[in-house]
>>> print(open('query30.tsv').read())   # TSV, C-alpha atoms
chain	number	residue	atom	x	y	z
A	1473	MET	CA	99.53	85.53	108.33
A	1474	ALA	CA	102.93	85.78	106.69
A	1475	LEU	CA	105.92	84.32	108.49
A	1476	PRO	CA	106.37	86.52	111.56
A	1477	PRO	CA	109.53	88.66	111.59
A	1478	LEU	CA	112.42	86.95	113.34
A	1479	GLY	CA	114.01	89.37	115.78
A	1480	ASP	CA	117.14	88.45	117.72
A	1481	GLU	CA	114.96	87.72	120.78
A	1482	VAL	CA	113.25	84.77	119.07
A	1483	ILE	CA	116.43	83.15	117.80
A	1484	VAL	CA	118.62	80.97	120.02
A	1485	ILE	CA	121.93	79.74	118.63
A	1486	ARG	CA	123.39	76.51	120.07
A	1487	GLY	CA	121.04	76.46	123.02
A	1488	GLU	CA	121.84	74.10	125.87
A	1489	ALA	CA	119.10	71.55	126.48
A	1490	ALA	CA	119.51	68.35	128.50
A	1491	ASP	CA	116.41	66.72	127.01
A	1492	TRP	CA	113.47	67.33	124.67
A	1493	ARG	CA	111.45	69.14	127.33
A	1494	ALA	CA	114.24	71.64	127.86
A	1495	ALA	CA	114.60	72.06	124.10
A	1496	VAL	CA	110.89	72.77	123.68
A	1497	ARG	CA	111.05	75.22	126.59
A	1498	LEU	CA	113.87	77.14	124.90
A	1499	ALA	CA	111.55	77.60	121.90
A	1500	GLY	CA	108.69	78.55	124.26
A	1501	ASP	CA	110.80	81.07	126.18
A	1502	ALA	CA	111.79	82.67	122.88
A	1503	LEU	CA	108.14	83.04	121.88
A	1504	VAL	CA	107.48	84.77	125.22
A	1505	ARG	CA	110.45	87.12	124.69
A	1506	GLY	CA	109.11	87.93	121.24
A	1507	GLY	CA	105.74	88.91	122.71
A	1508	ALA	CA	103.81	86.16	120.94
A	1509	THR	CA	102.84	84.08	123.97
A	1510	ARG	CA	102.55	83.95	127.75
A	1511	PRO	CA	104.57	81.33	129.65
A	1512	PRO	CA	101.71	78.79	130.02
A	1513	TYR	CA	101.83	78.30	126.25
A	1514	SER	CA	105.28	76.74	126.70
A	1515	ASP	CA	103.78	74.26	129.17
A	1516	ALA	CA	101.07	73.48	126.63
A	1517	MET	CA	103.69	72.78	123.94
A	1518	VAL	CA	105.38	70.26	126.24
A	1519	ARG	CA	102.01	68.74	127.14
A	1520	MET	CA	101.11	68.18	123.47
A	1521	ILE	CA	104.13	65.92	123.12
A	1522	ASP	CA	103.50	64.24	126.48
A	1523	GLU	CA	99.95	63.44	125.37
A	1524	HIS	CA	100.44	62.59	121.72
A	1525	GLY	CA	104.06	61.50	121.41
A	1526	PRO	CA	106.89	62.98	119.39
A	1527	TYR	CA	104.82	63.80	116.31
A	1528	ALA	CA	106.18	67.34	116.38
A	1529	VAL	CA	109.40	65.89	114.97
A	1530	ILE	CA	108.21	66.25	111.40
A	1531	SER	CA	111.41	65.63	109.47
A	1532	PRO	CA	114.92	64.41	110.25
A	1533	GLY	CA	116.46	66.61	112.93
A	1534	LEU	CA	113.58	69.11	113.10
A	1535	ALA	CA	110.81	69.60	115.67
A	1536	LEU	CA	107.91	71.99	115.15
A	1537	ALA	CA	106.74	72.63	118.70
A	1538	HIS	CA	103.27	74.12	119.01
A	1539	ALA	CA	100.03	73.97	120.93
A	1540	ARG	CA	96.48	75.00	120.30
A	1541	PRO	CA	95.51	78.64	119.87
A	1542	GLY	CA	94.11	80.10	123.08
A	1543	PRO	CA	94.31	82.91	125.62
A	1544	ASP	CA	98.07	82.48	126.07
A	1545	VAL	CA	98.71	83.31	122.44
A	1546	LEU	CA	99.00	87.09	122.09
A	1547	ALA	CA	100.11	87.23	118.47
A	1548	ASP	CA	101.32	84.99	115.68
A	1549	GLY	CA	104.89	84.00	116.40
A	1550	LEU	CA	107.76	81.83	115.30
A	1551	SER	CA	110.96	81.07	117.20
A	1552	VAL	CA	114.07	79.20	116.06
A	1553	VAL	CA	116.34	77.27	118.42
A	1554	THR	CA	119.47	75.45	117.30
A	1555	LEU	CA	120.85	73.03	119.85
A	1556	ALA	CA	124.44	72.77	121.02
A	1557	GLU	CA	123.90	69.02	121.41
A	1558	PRO	CA	121.16	67.09	119.58
A	1559	VAL	CA	118.41	65.67	121.81
A	1560	LEU	CA	116.19	62.61	121.47
A	1561	PHE	CA	112.42	63.05	121.26
A	1562	GLY	CA	111.73	59.33	120.85
A	1563	HIS	CA	110.73	59.58	117.19
A	1564	PRO	CA	111.17	56.31	115.27
A	1565	GLN	CA	112.76	57.90	112.19
A	1566	ASN	CA	113.62	61.53	112.69
A	1567	ASP	CA	115.72	61.63	115.87
A	1568	PRO	CA	117.99	63.20	116.99
A	1569	VAL	CA	116.66	66.74	116.86
A	1570	ARG	CA	119.06	69.60	116.16
A	1571	VAL	CA	116.62	72.44	115.46
A	1572	VAL	CA	113.38	73.29	117.29
A	1573	LEU	CA	110.89	75.73	115.83
A	1574	GLY	CA	108.29	77.22	118.18
A	1575	LEU	CA	105.00	78.16	116.54
A	1576	ALA	CA	102.16	80.21	118.00
A	1577	VAL	CA	99.07	80.90	115.94
A	1578	ALA	CA	96.56	83.58	116.90
A	1579	THR	CA	94.36	83.18	113.84
A	1580	PRO	CA	94.11	79.53	112.73
A	1581	ALA	CA	92.17	80.35	109.58
A	1582	ARG	CA	95.02	82.46	108.26
A	1583	HIS	CA	98.05	80.50	109.41
A	1584	LEU	CA	98.36	78.37	106.31
A	1585	THR	CA	100.12	81.03	104.26
A	1586	ALA	CA	102.89	81.14	106.87
A	1587	ILE	CA	102.95	77.35	106.95
A	1588	ALA	CA	103.25	77.30	103.17
A	1589	ASP	CA	106.27	79.62	103.44
A	1590	LEU	CA	107.82	77.31	106.03
A	1591	ALA	CA	107.18	74.32	103.77
A	1592	ASN	CA	108.87	76.15	100.89
A	1593	VAL	CA	112.01	76.60	102.96
A	1594	PHE	CA	112.10	73.15	104.57
A	1595	ASN	CA	111.17	71.18	101.47
A	1596	ASP	CA	114.88	71.68	100.72
A	1597	SER	CA	116.24	68.67	102.54
A	1598	ASP	CA	119.42	70.43	103.71
A	1599	THR	CA	117.67	73.38	105.39
A	1600	THR	CA	117.71	71.81	108.87
A	1601	GLU	CA	121.43	71.01	108.56
A	1602	ARG	CA	122.19	74.55	107.43
A	1603	LEU	CA	120.19	76.02	110.32
A	1604	ALA	CA	121.93	73.75	112.81
A	1605	ALA	CA	125.27	75.03	111.53
A	1606	ALA	CA	124.28	78.73	111.56
A	1607	ASP	CA	126.63	80.90	113.63
A	1608	ASP	CA	124.32	83.82	114.31
A	1609	ALA	CA	120.79	85.17	114.00
A	1610	ASP	CA	121.53	86.83	110.67
A	1611	ALA	CA	122.50	83.47	109.18
A	1612	VAL	CA	119.23	81.96	110.48
A	1613	ARG	CA	117.20	84.78	108.95
A	1614	ALA	CA	118.99	84.39	105.63
A	1615	ILE	CA	118.26	80.65	105.51
A	1616	LEU	CA	114.58	81.11	106.38
A	1617	ALA	CA	114.21	83.88	103.81
A	1618	GLY	CA	114.91	81.14	101.24
B	1157	MET	CA	87.65	63.57	96.82
B	1158	LYS	CA	88.44	64.55	100.38
B	1159	ILE	CA	91.68	64.11	102.29
B	1160	VAL	CA	92.05	64.88	105.98
B	1161	ALA	CA	95.41	65.75	107.57
B	1162	ILE	CA	95.43	65.39	111.33
B	1163	CYS	CA	97.66	66.30	114.25
B	1164	GLY	CA	97.11	66.94	117.93
B	1165	ALA	CA	96.43	70.67	117.67
B	1166	GLY	CA	94.93	71.05	114.22
B	1167	ILE	CA	97.51	73.70	113.37
B	1168	GLY	CA	101.17	73.55	112.51
B	1169	THR	CA	102.05	69.99	111.64
B	1170	SER	CA	98.72	69.14	110.01
B	1171	GLY	CA	98.97	72.44	108.13
B	1172	ILE	CA	102.30	71.39	106.68
B	1173	LEU	CA	100.81	68.07	105.59
B	1174	LYS	CA	97.92	69.93	103.96
B	1175	VAL	CA	100.15	72.37	102.09
B	1176	ASN	CA	102.50	69.68	100.81
B	1177	ALA	CA	99.70	67.25	99.97
B	1178	GLU	CA	98.01	69.94	97.88
B	1179	ARG	CA	101.26	70.53	96.01
B	1180	VAL	CA	101.72	66.84	95.31
B	1181	LEU	CA	98.09	66.33	94.24
B	1182	GLN	CA	98.33	69.24	91.84
B	1183	ARG	CA	101.45	67.73	90.31
B	1184	LEU	CA	99.67	64.38	90.00
B	1185	GLY	CA	96.66	66.06	88.40
B	1186	ILE	CA	94.31	64.87	91.16
B	1187	THR	CA	91.53	67.15	92.36
B	1188	ALA	CA	90.90	66.86	96.09
B	1189	ALA	CA	89.95	68.97	99.07
B	1190	VAL	CA	92.55	68.70	101.82
B	1191	VAL	CA	91.41	69.62	105.32
B	1192	ALA	CA	93.74	70.09	108.32
B	1193	THR	CA	92.21	69.27	111.68
B	1194	ASP	CA	92.88	67.84	115.12
B	1195	LEU	CA	92.07	64.44	116.55
B	1196	ASP	CA	89.02	65.71	118.40
B	1197	SER	CA	87.37	66.88	115.17
B	1198	LEU	CA	88.45	63.89	113.15
B	1199	GLN	CA	85.21	61.91	113.36
B	1200	ALA	CA	83.21	64.79	111.94
B	1201	GLU	CA	85.69	65.46	109.14
B	1202	ALA	CA	86.60	61.89	108.24
B	1203	ASP	CA	83.09	60.61	107.56
B	1204	ASP	CA	83.35	61.35	103.87
B	1205	ALA	CA	87.14	61.28	103.51
B	1206	GLN	CA	88.96	58.84	101.26
B	1207	VAL	CA	92.36	59.37	102.82
B	1208	ILE	CA	93.67	60.33	106.25
B	1209	LEU	CA	97.22	61.68	106.39
B	1210	THR	CA	99.04	61.60	109.71
B	1211	SER	CA	102.18	60.72	111.60
B	1212	PRO	CA	102.91	57.34	113.26
B	1213	GLU	CA	101.86	58.56	116.74
B	1214	PHE	CA	98.22	59.08	115.80
B	1215	VAL	CA	97.42	55.88	113.95
B	1216	ALA	CA	96.21	54.04	117.05
B	1217	GLN	CA	93.95	56.95	118.00
B	1218	ILE	CA	92.18	57.27	114.66
B	1219	GLY	CA	89.74	54.48	115.41
B	1220	LYS	CA	87.38	52.89	112.94
B	1221	THR	CA	87.38	54.43	109.50
B	1222	PHE	CA	86.74	53.52	105.89
B	1223	ALA	CA	89.44	55.92	104.74
B	1224	ASP	CA	92.94	54.82	103.75
B	1225	VAL	CA	95.28	55.87	106.54
B	1226	ILE	CA	98.62	57.08	105.17
B	1227	VAL	CA	101.47	57.48	107.64
B	1228	ILE	CA	104.03	60.13	106.75
B	1229	ASP	CA	107.49	60.00	108.34
B	1230	ASN	CA	109.06	63.10	106.79
B	1231	TYR	CA	106.55	65.90	106.29
B	1232	PHE	CA	108.90	67.80	103.99
B	1233	ASP	CA	109.74	64.89	101.72
B	1234	THR	CA	107.37	65.42	98.81
B	1235	ALA	CA	108.73	62.26	97.15
B	1236	GLU	CA	107.47	60.22	100.12
B	1237	LEU	CA	104.09	61.99	99.98
B	1238	THR	CA	103.89	61.47	96.22
B	1239	SER	CA	104.55	57.74	96.29
B	1240	LYS	CA	102.24	57.09	99.24
B	1241	LEU	CA	99.39	59.17	97.80
B	1242	GLU	CA	99.85	57.58	94.38
B	1243	SER	CA	99.63	54.07	95.76
B	1244	ALA	CA	96.58	54.91	97.88
B	1245	LEU	CA	94.71	56.72	95.12
B	1246	GLY	CA	96.03	54.93	92.05
>>> encode(input="query30.tsv", output="structure tokens")
Amino acid sequence: MALPPLGDEVIVIRGEAADWRAAVRLAGDALVRGGATRPPYSDAMVRMIDEHGPYAVISPGLALAHARPGPDVLADGLSVVTLAEPVLFGHPQNDPVRVVLGLAVATPARHLTAIADLANVFNDSDTTERLAAADDADAVRAILAG
Amino acid sequence: MKIVAICGAGIGTSGILKVNAERVLQRLGITAAVVATDLDSLQAEADDAQVILTSPEFVAQIGKTFADVIVIDNYFDTAELTSKLESALG
């Protein structure tokens, strides 16, 4: 699995979210629009954080929302949501969150190449800031292309 | 040597830990197998692991283990990973 293509339908610029649940749902809705998931997958992404805490906030300002592979995952997918206002997830170090990525994985055994690509991009410590400041989908695509 | 990276789903966040841990280990010249898994599979995977990598939320759920548990705050900060892996393995 390479990083899935990022069409306009999976990118949300300055989305309005009152809290972390709404922010995760924006990422989930985008995955549904992109054809990667069915709506229950968005519920599962919220549930993962309800059950396990805000571990999806993996670096300052960035959440990687995801759930387990399953019948509601139709294809590998990635969505990118930048938030108009940062939201708190309750993470001890990495709050507030300004960018939420939604990840759906259809084939767990092969998803690590895409993850490695993501790591390449986000190992630059200013990537999240640059994404948060992006004005349009083209800018988001350019940043994620590295 | 075996290192286990865990998260709630066994994909995504633990995958990022695995990828970055492998990069750091290679730079340090340490040979290790890094496995990404979820909490439910942890007991099976962690039996023979020297190190468990995870985020603060999962520490309480790991339970009894002989492995060193390393808590990573910023999954993309390879300097943090490097210093924590070095002190655990050094």
>>> residues_around(input="query30.tsv", residues="Asp1544 in chain A", least_positions_apart="3", cutoff="7 Å", atoms="all atoms listed in the file", output="NGL selection string")
:A and (1509-1510 or 1512-1513)
>>> residues_around(input="query30.tsv", residues="range 1565-1577 of chain A", least_positions_apart="3", cutoff="6 Å", atoms="all atoms listed in the file", output="PyMOL selection string")
chain A and resi 1499+1531-1538+1541+1548-1555+1558-1560
>>> residues_near_point(input="query30.tsv", point="(117.7, 67.2, 130.8)", cutoff="12 Å", atoms="all atoms listed in the file", output="number ranges by chain")
A: 1488-1497, 1557-1561
>>> write_last_selection(input="query30.tsv", atoms="C-alpha atoms", output="PDB file, keeping the file's coordinate frame")
ATOM      1  CA  GLU A1488     121.840  74.100 125.870  1.00  0.00           C
ATOM      2  CA  ALA A1489     119.100  71.550 126.480  1.00  0.00           C
ATOM      3  CA  ALA A1490     119.510  68.350 128.500  1.00  0.00           C
ATOM      4  CA  ASP A1491     116.410  66.720 127.010  1.00  0.00           C
ATOM      5  CA  TRP A1492     113.470  67.330 124.670  1.00  0.00           C
ATOM      6  CA  ARG A1493     111.450  69.140 127.330  1.00  0.00           C
ATOM      7  CA  ALA A1494     114.240  71.640 127.860  1.00  0.00           C
ATOM      8  CA  ALA A1495     114.600  72.060 124.100  1.00  0.00           C
ATOM      9  CA  VAL A1496     110.890  72.770 123.680  1.00  0.00           C
ATOM     10  CA  ARG A1497     111.050  75.220 126.590  1.00  0.00           C
ATOM     11  CA  GLU A1557     123.900  69.020 121.410  1.00  0.00           C
ATOM     12  CA  PRO A1558     121.160  67.090 119.580  1.00  0.00           C
ATOM     13  CA  VAL A1559     118.410  65.670 121.810  1.00  0.00           C
ATOM     14  CA  LEU A1560     116.190  62.610 121.470  1.00  0.00           C
ATOM     15  CA  PHE A1561     112.420  63.050 121.260  1.00  0.00           C
TER      16      PHE A1561
END
>>> interface_residues(input="query30.tsv", of="chain B", to="chain A", cutoff="9 Å", atoms="all atoms listed in the file", output="number ranges by chain")
B: 1163-1169, 1171-1172, 1174-1176, 1211-1214, 1228-1234
>>> closest_residue(input="query30.tsv", among="B:Leu1198, B:Val1190, B:Leu1209, B:Ala1161", to="Ile1226 in chain B", atoms="only C-alpha atoms")
B:Leu1209
>>> atom_distance(input="query30.tsv", atom1="CA of Ala1235 in chain B", atom2="CA of Val1180 in chain B")
8.6 Å
>>> atom_distance(input="query30.tsv", atom1="CA of Val1207 in chain B", atom2="CA of Ala1188 in chain B")
10.2 Å
>>> residues_near_point(input="query30.tsv", point="(103.7, 92.0, 112.6)", cutoff="12 Å", atoms="all atoms listed in the file", output="list in words")
Met1473, Ala1474, Leu1475, Pro1476, Pro1477, Leu1478, Gly1479, Gly1506, Gly1507, Ala1508, Leu1546, Ala1547, Asp1548, Gly1549, Leu1550 and Ala1578 of chain A
>>> atom_distance(input="query30.tsv", atom1="CA of Gln1217 in chain B", atom2="CA of Leu1184 in chain B")
29.5 Å
>>> residues_around(input="query30.tsv", residues="Ile1162 in chain B", least_positions_apart="6", cutoff="6 Å", atoms="only C-alpha atoms", output="MDAnalysis selection string")
chainID B and resid 1170 1192:1194 1210
>>> write_last_selection(input="query30.tsv", atoms="C-alpha atoms", output="compact mmCIF listing (two decimals), in the coordinates of the input")
# COMPACT_ATOMS: atom_id res chain seq x y z
CA SER B 1170 98.72 69.14 110.01
CA ALA B 1192 93.74 70.09 108.32
CA THR B 1193 92.21 69.27 111.68
CA ASP B 1194 92.88 67.84 115.12
CA THR B 1210 99.04 61.60 109.71
>>> residues_around(input="query30.tsv", residues="Met1157 in chain B", least_positions_apart="5", cutoff="7 Å", atoms="all atoms listed in the file", output="list in words")
Thr1187, Ala1188, Ala1189 and Gln1206 of chain B
